[in-house]
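Colleague: Right, I'll just put the structure down here and ask away after.
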Amino acid sequence: MNDTEPLLRVSGLRTWYPIQQGLMQRTVGWVQAATDVGFTIAPGETLALVGESGCGKSTVGRSILRLEQPQEGEVLFEGRDLLALDADAVRAVRQRIQIIFQDPMASLDPRMRIRDQIAEGMQSFGIGADEGERTDRVAALLERVQLDAAAMDRYPHEFSGVQRQRICIARALAVEPRLIVCDESVSALDVSIQAQILNLLRELQDEFGLSYLFITHDLSVVKYLAHEVAVMYLGEIVEQGPTERIFEAPAHPYTQGLLAAIPSIDPTRRGAAPPVLGDVPSPSNPPPGCHFHTRCNRVMDRCRAEAPTLVSIEGGASRCFLSAEGEGG
Amino acid sequence: MTALLEVRGLRTAFPSASGPLPVVDGVSFDLNRGEVLALVGESGSGKSMSALSAMRLVPKPGRVVAGSVKLDGEELLDLPVTEMRKVRGGRMGMIFQEPMTCLNPVVRVGTQVIEAIQLHEPVSTADARARALELFAEVGIPDPDQRLDAYPHQLSGGLKQRVMIAMALSTRPEILIADEPTTALDVTVQAQILSLLRDLQQRLDAAILLITHDLGIVNELADRVAVMYAGRLVEVADREALLSDPRHPYTQGLLRSIPALATPGEPLPEIAGVVPSPEQWPAGCRFSTRCPKRIERCAADFPEETAPGEGRRVWCHVQDAPATGEGA
């Protein structure tokens, strides 16, 4: 991958939310949502950002789109640092980076016809010469996401959840993006329906050379869709690497636990002890040393005092002293 | 021997402009003593509504319009409301997906458990508190003494779920009804709660009616599985038989579309279309509009129940022979 320039290169990203109190709204602490986050996404590839609630994965997605304001870091997209752009320039970039959320109803305007919602972005980014041309394109997009072109004259409430998600995908595609951030985009769907959307996303990737930043808590979806995986825990990336390596030889104890915690449907396997104990601590007060040490089954004295850095391992990187000593996994 | 809970011909409907709209449409199953029966299905299958119907907790204006629900031979659907209330939270305990639906946010969790105990048994507050403490320890709440005085918002999602389980167990129920008990939890916490439920079930020898959409959870907890689709049962079988050799095309499709099992580089097997809403249920087999194996009669006649093996019930005109090798 070294010979191709990545489409997106995030480095040293830090997004913390102030905790404010009192009349003067004094900042008394920080929710450390994302700290020193870095990764790259190649053209036409998918990076999955995975982790449990509160790990900061959605914050990272939103920071890239400048829906949050990071304090530090660099987000290089097509060679430009998005964090250095002014508001107008950010708007222009949003043509190239689209986002699809978990709940399509919340991101569609209930009072607007489907045609107008899809054409809105095209118009503001100057795609299509006139109304007629844009309408033709809306029809083609709806058919591409396996909906009837006649859907354009209807309103969001007339569709099922999965149809609305298809509409959101069509709307994202309408402005010819290169990167789509999918934030838990299939998490609310039933499994038989989820398969339809996952297949569609993959077809569209091949067809348009799209890159995806796929944010999810569900590792089985990741396995199907992602080329690369970054695992987050309490605001930090704890492990990253190619999907196959992550699933076959996870290095970080948290990744190992996360994978082992997925209930298997193999009827000969059940009843395993829970691999990770306790709950995720609060991101406003992460444990000192390694953030994961309070739940790690391989914790050492050192982990309680000293924070491990992300070190290169074969097939990626891991933020663990065991990996640094070359005995991970 | 009769089953602990015997559900027969259960029908539940909601009024609509075009007449009563069924959501559960003729469901029959047994829950035996000490067993875990999973009711599985996608949204709109009627799995939760079946359990709510059995507990007589169908939200208004819906109501049970036909059928029978017997607990130890006693008809629950005819019971006076006050008696039914004693059965719920007495012989039947409940766990929901979202603990905050049953925890009061402004009352200390210990007080809530103590009240639940005293509601069903005339014991002193001191005794009830001691019992609550035991229950907290039993469900694996660390520092149970301090946690009794906590408010729900001070507890993590996993701990709230444990409090709810403690409350459900407070009257030593014979049946625990668990509706998506881990769906709102992170996967590492889910594994802990599943392990807890498995331990408790074995220790207390309680029967569990588990409602879930997740076949992985079915595998972890269930002894038997009943698969529902559009208000009806389509297949009932032992866990192992169902997962290794599903007979109904819907069960087969459900298992195949799990992304973790996908063959690398190949599209994920889909079930085409969407679950029809009750207004659109087809006349014959409910799955006929999406079934890859449908034949002409599927659209017209609802399939009768067949028993192709021990403990297995299947409702399908075109069942597979046992070894087609397609189930994998």
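Each chain in the structure tokens gets a letter, A, B, ..., in the order shown, and its residues are numbered from 1; ligands are numbered from 1 in order too.
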Using DSSP on the backbone coordinates, identify all residues within stretch 35-241 of chain A classified as helix (DSSP H, G or I); present the result as an mmCIF file with C-alpha atoms, in the first residue's frame.

Modeller:
```
data_model
loop_
_atom_site.group_PDB
_atom_site.id
_atom_site.type_symbol
_atom_site.label_atom_id
_atom_site.label_comp_id
_atom_site.auth_asym_id
_atom_site.auth_seq_id
_atom_site.Cartn_x
_atom_site.Cartn_y
_atom_site.Cartn_z
ATOM 1 C CA LYS A 57 -15.328 5.822 17.679
ATOM 2 C CA SER A 58 -18.218 8.089 16.706
ATOM 3 C CA THR A 59 -16.328 11.156 17.932
ATOM 4 C CA VAL A 60 -13.521 10.297 15.536
ATOM 5 C CA GLY A 61 -15.955 10.000 12.621
ATOM 6 C CA ARG A 62 -17.579 13.298 13.494
ATOM 7 C CA SER A 63 -14.224 15.012 13.985
ATOM 8 C CA ILE A 64 -13.152 14.093 10.462
ATOM 9 C CA LEU A 82 -9.378 19.514 6.931
ATOM 10 C CA LEU A 83 -8.743 20.834 10.424
ATOM 11 C CA ALA A 84 -7.039 23.917 8.969
ATOM 12 C CA ALA A 87 -16.123 27.029 7.280
ATOM 13 C CA ASP A 88 -16.711 27.588 3.537
ATOM 14 C CA ALA A 89 -13.944 25.237 2.584
ATOM 15 C CA VAL A 90 -15.289 22.630 5.006
ATOM 16 C CA ARG A 91 -18.668 22.838 3.313
ATOM 17 C CA ALA A 92 -17.049 22.174 -0.044
ATOM 18 C CA VAL A 93 -15.227 19.153 1.338
ATOM 19 C CA PRO A 104 -32.253 7.037 8.803
ATOM 20 C CA MET A 105 -35.477 8.641 10.040
ATOM 21 C CA ALA A 106 -33.461 11.106 12.096
ATOM 22 C CA SER A 107 -31.424 12.206 9.112
ATOM 23 C CA ILE A 114 -37.478 11.938 -1.428
ATOM 24 C CA ARG A 115 -36.602 13.519 -4.764
ATOM 25 C CA ASP A 116 -35.917 16.892 -3.189
ATOM 26 C CA GLN A 117 -33.840 15.431 -0.365
ATOM 27 C CA ILE A 118 -31.598 13.586 -2.793
ATOM 28 C CA ALA A 119 -31.397 16.483 -5.269
ATOM 29 C CA GLU A 120 -30.702 19.114 -2.585
ATOM 30 C CA GLY A 121 -27.039 18.260 -2.213
ATOM 31 C CA MET A 122 -26.592 17.904 -5.992
ATOM 32 C CA GLN A 123 -27.918 21.382 -6.496
ATOM 33 C CA SER A 124 -25.733 23.000 -3.857
ATOM 34 C CA GLU A 131 -33.883 20.182 -12.607
ATOM 35 C CA GLY A 132 -34.674 17.652 -15.302
ATOM 36 C CA GLU A 133 -31.184 16.266 -15.316
ATOM 37 C CA ARG A 134 -31.121 16.065 -11.522
ATOM 38 C CA THR A 135 -34.462 14.239 -11.492
ATOM 39 C CA ASP A 136 -33.100 11.701 -13.963
ATOM 40 C CA ARG A 137 -30.123 11.203 -11.719
ATOM 41 C CA VAL A 138 -32.331 10.756 -8.634
ATOM 42 C CA ALA A 139 -34.261 8.070 -10.511
ATOM 43 C CA ALA A 140 -31.061 6.284 -11.491
ATOM 44 C CA LEU A 141 -29.715 6.455 -7.921
ATOM 45 C CA LEU A 142 -32.922 5.081 -6.422
ATOM 46 C CA GLU A 143 -32.831 2.197 -8.853
ATOM 47 C CA ARG A 144 -29.185 1.614 -8.035
ATOM 48 C CA ALA A 149 -37.759 5.281 -9.146
ATOM 49 C CA ALA A 150 -41.362 6.227 -8.317
ATOM 50 C CA ALA A 151 -40.232 6.413 -4.676
ATOM 51 C CA MET A 152 -38.965 9.918 -5.392
ATOM 52 C CA ASP A 153 -42.488 11.369 -5.168
ATOM 53 C CA PRO A 156 -39.906 9.202 4.338
ATOM 54 C CA HIS A 157 -42.715 7.856 6.561
ATOM 55 C CA GLU A 158 -44.028 5.791 3.650
ATOM 56 C CA GLY A 161 -36.440 1.217 8.020
ATOM 57 C CA VAL A 162 -34.315 -0.581 5.465
ATOM 58 C CA GLN A 163 -35.824 1.350 2.559
ATOM 59 C CA ARG A 164 -35.037 4.600 4.367
ATOM 60 C CA GLN A 165 -31.462 3.448 4.815
ATOM 61 C CA ARG A 166 -31.319 2.817 1.055
ATOM 62 C CA ILE A 167 -32.591 6.360 0.507
ATOM 63 C CA CYS A 168 -29.838 7.735 2.765
ATOM 64 C CA ILE A 169 -27.287 5.773 0.756
ATOM 65 C CA ALA A 170 -28.696 7.167 -2.508
ATOM 66 C CA ARG A 171 -28.531 10.688 -1.072
ATOM 67 C CA ALA A 172 -24.919 10.195 -0.039
ATOM 68 C CA LEU A 173 -24.014 8.862 -3.489
ATOM 69 C CA ALA A 174 -25.767 11.754 -5.235
ATOM 70 C CA VAL A 191 -29.926 -9.738 10.347
ATOM 71 C CA SER A 192 -31.691 -10.805 7.126
ATOM 72 C CA ILE A 193 -32.049 -7.156 6.148
ATOM 73 C CA GLN A 194 -28.562 -6.231 7.310
ATOM 74 C CA ALA A 195 -27.158 -8.661 4.745
ATOM 75 C CA GLN A 196 -28.931 -6.754 1.954
ATOM 76 C CA ILE A 197 -27.381 -3.442 2.993
ATOM 77 C CA LEU A 198 -23.906 -4.910 3.541
ATOM 78 C CA ASN A 199 -23.985 -6.437 0.064
ATOM 79 C CA LEU A 200 -25.176 -3.158 -1.404
ATOM 80 C CA LEU A 201 -22.396 -1.200 0.310
ATOM 81 C CA ARG A 202 -19.808 -3.574 -1.034
ATOM 82 C CA GLU A 203 -21.174 -3.453 -4.584
ATOM 83 C CA LEU A 204 -21.170 0.339 -4.491
ATOM 84 C CA GLN A 205 -17.606 0.346 -3.265
ATOM 85 C CA ASP A 206 -16.469 -1.718 -6.225
ATOM 86 C CA GLU A 207 -18.554 0.268 -8.672
ATOM 87 C CA PHE A 208 -17.568 3.785 -7.605
ATOM 88 C CA LEU A 219 -17.284 -7.289 14.873
ATOM 89 C CA SER A 220 -19.062 -9.840 12.714
ATOM 90 C CA VAL A 221 -20.076 -7.075 10.322
ATOM 91 C CA VAL A 222 -16.475 -5.864 10.280
ATOM 92 C CA LYS A 223 -15.207 -9.224 9.190
ATOM 93 C CA TYR A 224 -17.412 -9.133 6.147
ATOM 94 C CA LEU A 225 -16.798 -5.564 5.023
#
```

Colleague: Quick one: residues within 9 Å of B:Leu76, only C-alpha atoms, excluding same-chain residues fewer than 3 positions away - as a compact mmCIF listing (two decimals) with N, CA and C atoms, in the first residue's frame?

Modeller:
```txt
# COMPACT_ATOMS: atom_id res chain seq x y z
N ALA B 54 -48.66 -13.81 27.31
CA ALA B 54 -48.67 -14.85 28.33
C ALA B 54 -48.69 -14.25 29.73
N MET B 55 -48.11 -13.05 29.88
CA MET B 55 -48.09 -12.39 31.19
C MET B 55 -49.27 -11.43 31.35
N ARG B 56 -50.10 -11.36 30.35
CA ARG B 56 -51.22 -10.41 30.31
C ARG B 56 -50.74 -8.98 30.47
N SER B 68 -55.12 -19.98 25.12
CA SER B 68 -55.06 -20.37 26.52
C SER B 68 -53.61 -20.33 26.98
N VAL B 69 -53.40 -19.86 28.21
CA VAL B 69 -52.06 -19.85 28.82
C VAL B 69 -52.20 -20.48 30.20
N LYS B 70 -51.65 -21.67 30.36
CA LYS B 70 -51.80 -22.35 31.65
C LYS B 70 -50.47 -22.44 32.38
N LEU B 71 -50.49 -21.99 33.63
CA LEU B 71 -49.32 -22.14 34.50
C LEU B 71 -49.64 -23.27 35.46
N LEU B 79 -57.81 -15.42 35.09
CA LEU B 79 -57.52 -15.04 36.48
C LEU B 79 -57.94 -13.58 36.75
N PRO B 80 -58.53 -13.31 37.94
CA PRO B 80 -58.80 -11.91 38.27
C PRO B 80 -57.50 -11.10 38.26
N MET B 84 -53.61 -12.18 39.10
CA MET B 84 -52.60 -12.18 38.03
C MET B 84 -51.40 -11.36 38.46
N VAL B 87 -49.13 -13.40 40.43
CA VAL B 87 -48.36 -14.36 39.63
C VAL B 87 -47.15 -13.66 39.01
```

Colleague: Please list as a list in words every residue within 12 Å of B:Ala130, counting only C-alpha atoms and excluding residues in the same chain fewer than 2 positions away.

Modeller: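 Within the cut-off, the hits are Gly110, Thr111, Val113, Ile114, Ile117, Val123, Ser124, Thr125, Ala126, Asp127, Ala128, Ala132, Leu133, Glu134, Leu135, Phe136, Ala137, Pro144, Asp145, Leu148 and Ser170 of chain B.
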
Colleague: Find, counting only C-alpha atoms, the residue in A:Pro242, A:Gly29, A:Pro70, A:Gly271 that gets nearest to chain B.

Modeller: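 Checking each candidate against chain B, we get A:Gly271 as the closest.
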
Colleague: Name the residues of stretch 94-321 of chain A that fall into strand (DSSP E or B) according to DSSP on the backbone, using the chain letters and numbers of this document, as a PyMOL selection string.

Modeller: chain A and resi 97-100+179-183+211-216+228-233+236-242+311-313+316-318

Colleague: Taking 4 positions as the minimum chain separation for residues in the same chain, which residues sit within 9 Å of B:Ala299 when counting only C-alpha atoms? Answer as JSON, numbers by chain.

Modeller: {"B": [282, 283, 284, 285, 286, 287, 288, 289, 294, 295]}

Colleague: Env of stretch 307-324 of chain A: 9 Å cut, atoms = only C-alpha atoms, seq-sep filter 4 positions within chain, self excluded. Answer as a list in words.

Modeller: Glu236, Ile237, Val238, Glu239, Gln240, Gly241, Pro242, Arg245, Ile246, Ala251, His252, Pro253, Pro288, Gly289, Cys290, His291, Arg298, Arg302, Cys303, Gly328 and Gly329 of chain A

Colleague: Compile the contact shell of A:Glu45 as a count of residues only: residues with an atom at most 8 Å away, counting only C-alpha atoms, same-chain residues fewer than 6 positions apart removed.

Modeller: 6

Colleague: In Å, how far is it from atom CA of A:Gly38 to atom CA of A:Ile19?

Modeller: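 Separation between atom CA of A:Gly38 and atom CA of A:Ile19: 24.7 Å.
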
Colleague: Which residues are near A:Trp30? Cut-off 10 Å, only C-alpha atoms, ignore same chain within fewer than 3 positions. Put them as a tab-separated table (two decimals) with C-alpha atoms, in the first residue's frame.

Modeller:
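Writing done, so here's selection-v9.tsv:
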```tsv
chain	number	residue	atom	x	y	z
A	15	THR	CA	-11.05	15.59	20.62
A	16	TRP	CA	-11.93	16.21	24.26
A	17	TYR	CA	-15.19	17.64	25.50
A	18	PRO	CA	-15.03	20.10	28.37
A	19	ILE	CA	-17.07	19.35	31.49
A	20	GLN	CA	-18.35	22.72	32.61
A	27	THR	CA	-14.12	23.80	32.88
A	33	ALA	CA	-13.32	11.06	23.82
A	283	PRO	CA	-13.89	8.44	29.65
A	284	SER	CA	-13.88	11.53	31.87
A	285	ASN	CA	-11.66	9.70	34.33
```

Colleague: Measure the distance from atom CA of B:Gly41 to atom CA of B:Val227 in Å and round it to one decimal.

Modeller: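 Interatomic distance, atom CA of B:Gly41 to atom CA of B:Val227: 5.9 Å.
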
Colleague: Between A:Ala305, A:Ala129, A:Cys55, A:Cys182, which is the closest to chain B once you count only C-alpha atoms?

Modeller: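 Smallest separation from chain B among the options: A:Cys55.
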
Colleague: Can you work out the spacing between atom CA of B:Pro105 and atom CA of B:Ile141 in Å, to one decimal?

Modeller: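 Separating atom CA of B:Pro105 from atom CA of B:Ile141 is a distance of 18.6 Å.
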
Colleague: Using only C-alpha atoms, find the one residue out of B:Arg129, B:Thr188, B:Met92, B:Leu209 that sits nearest to A:Leu258.

Modeller: B:Thr188
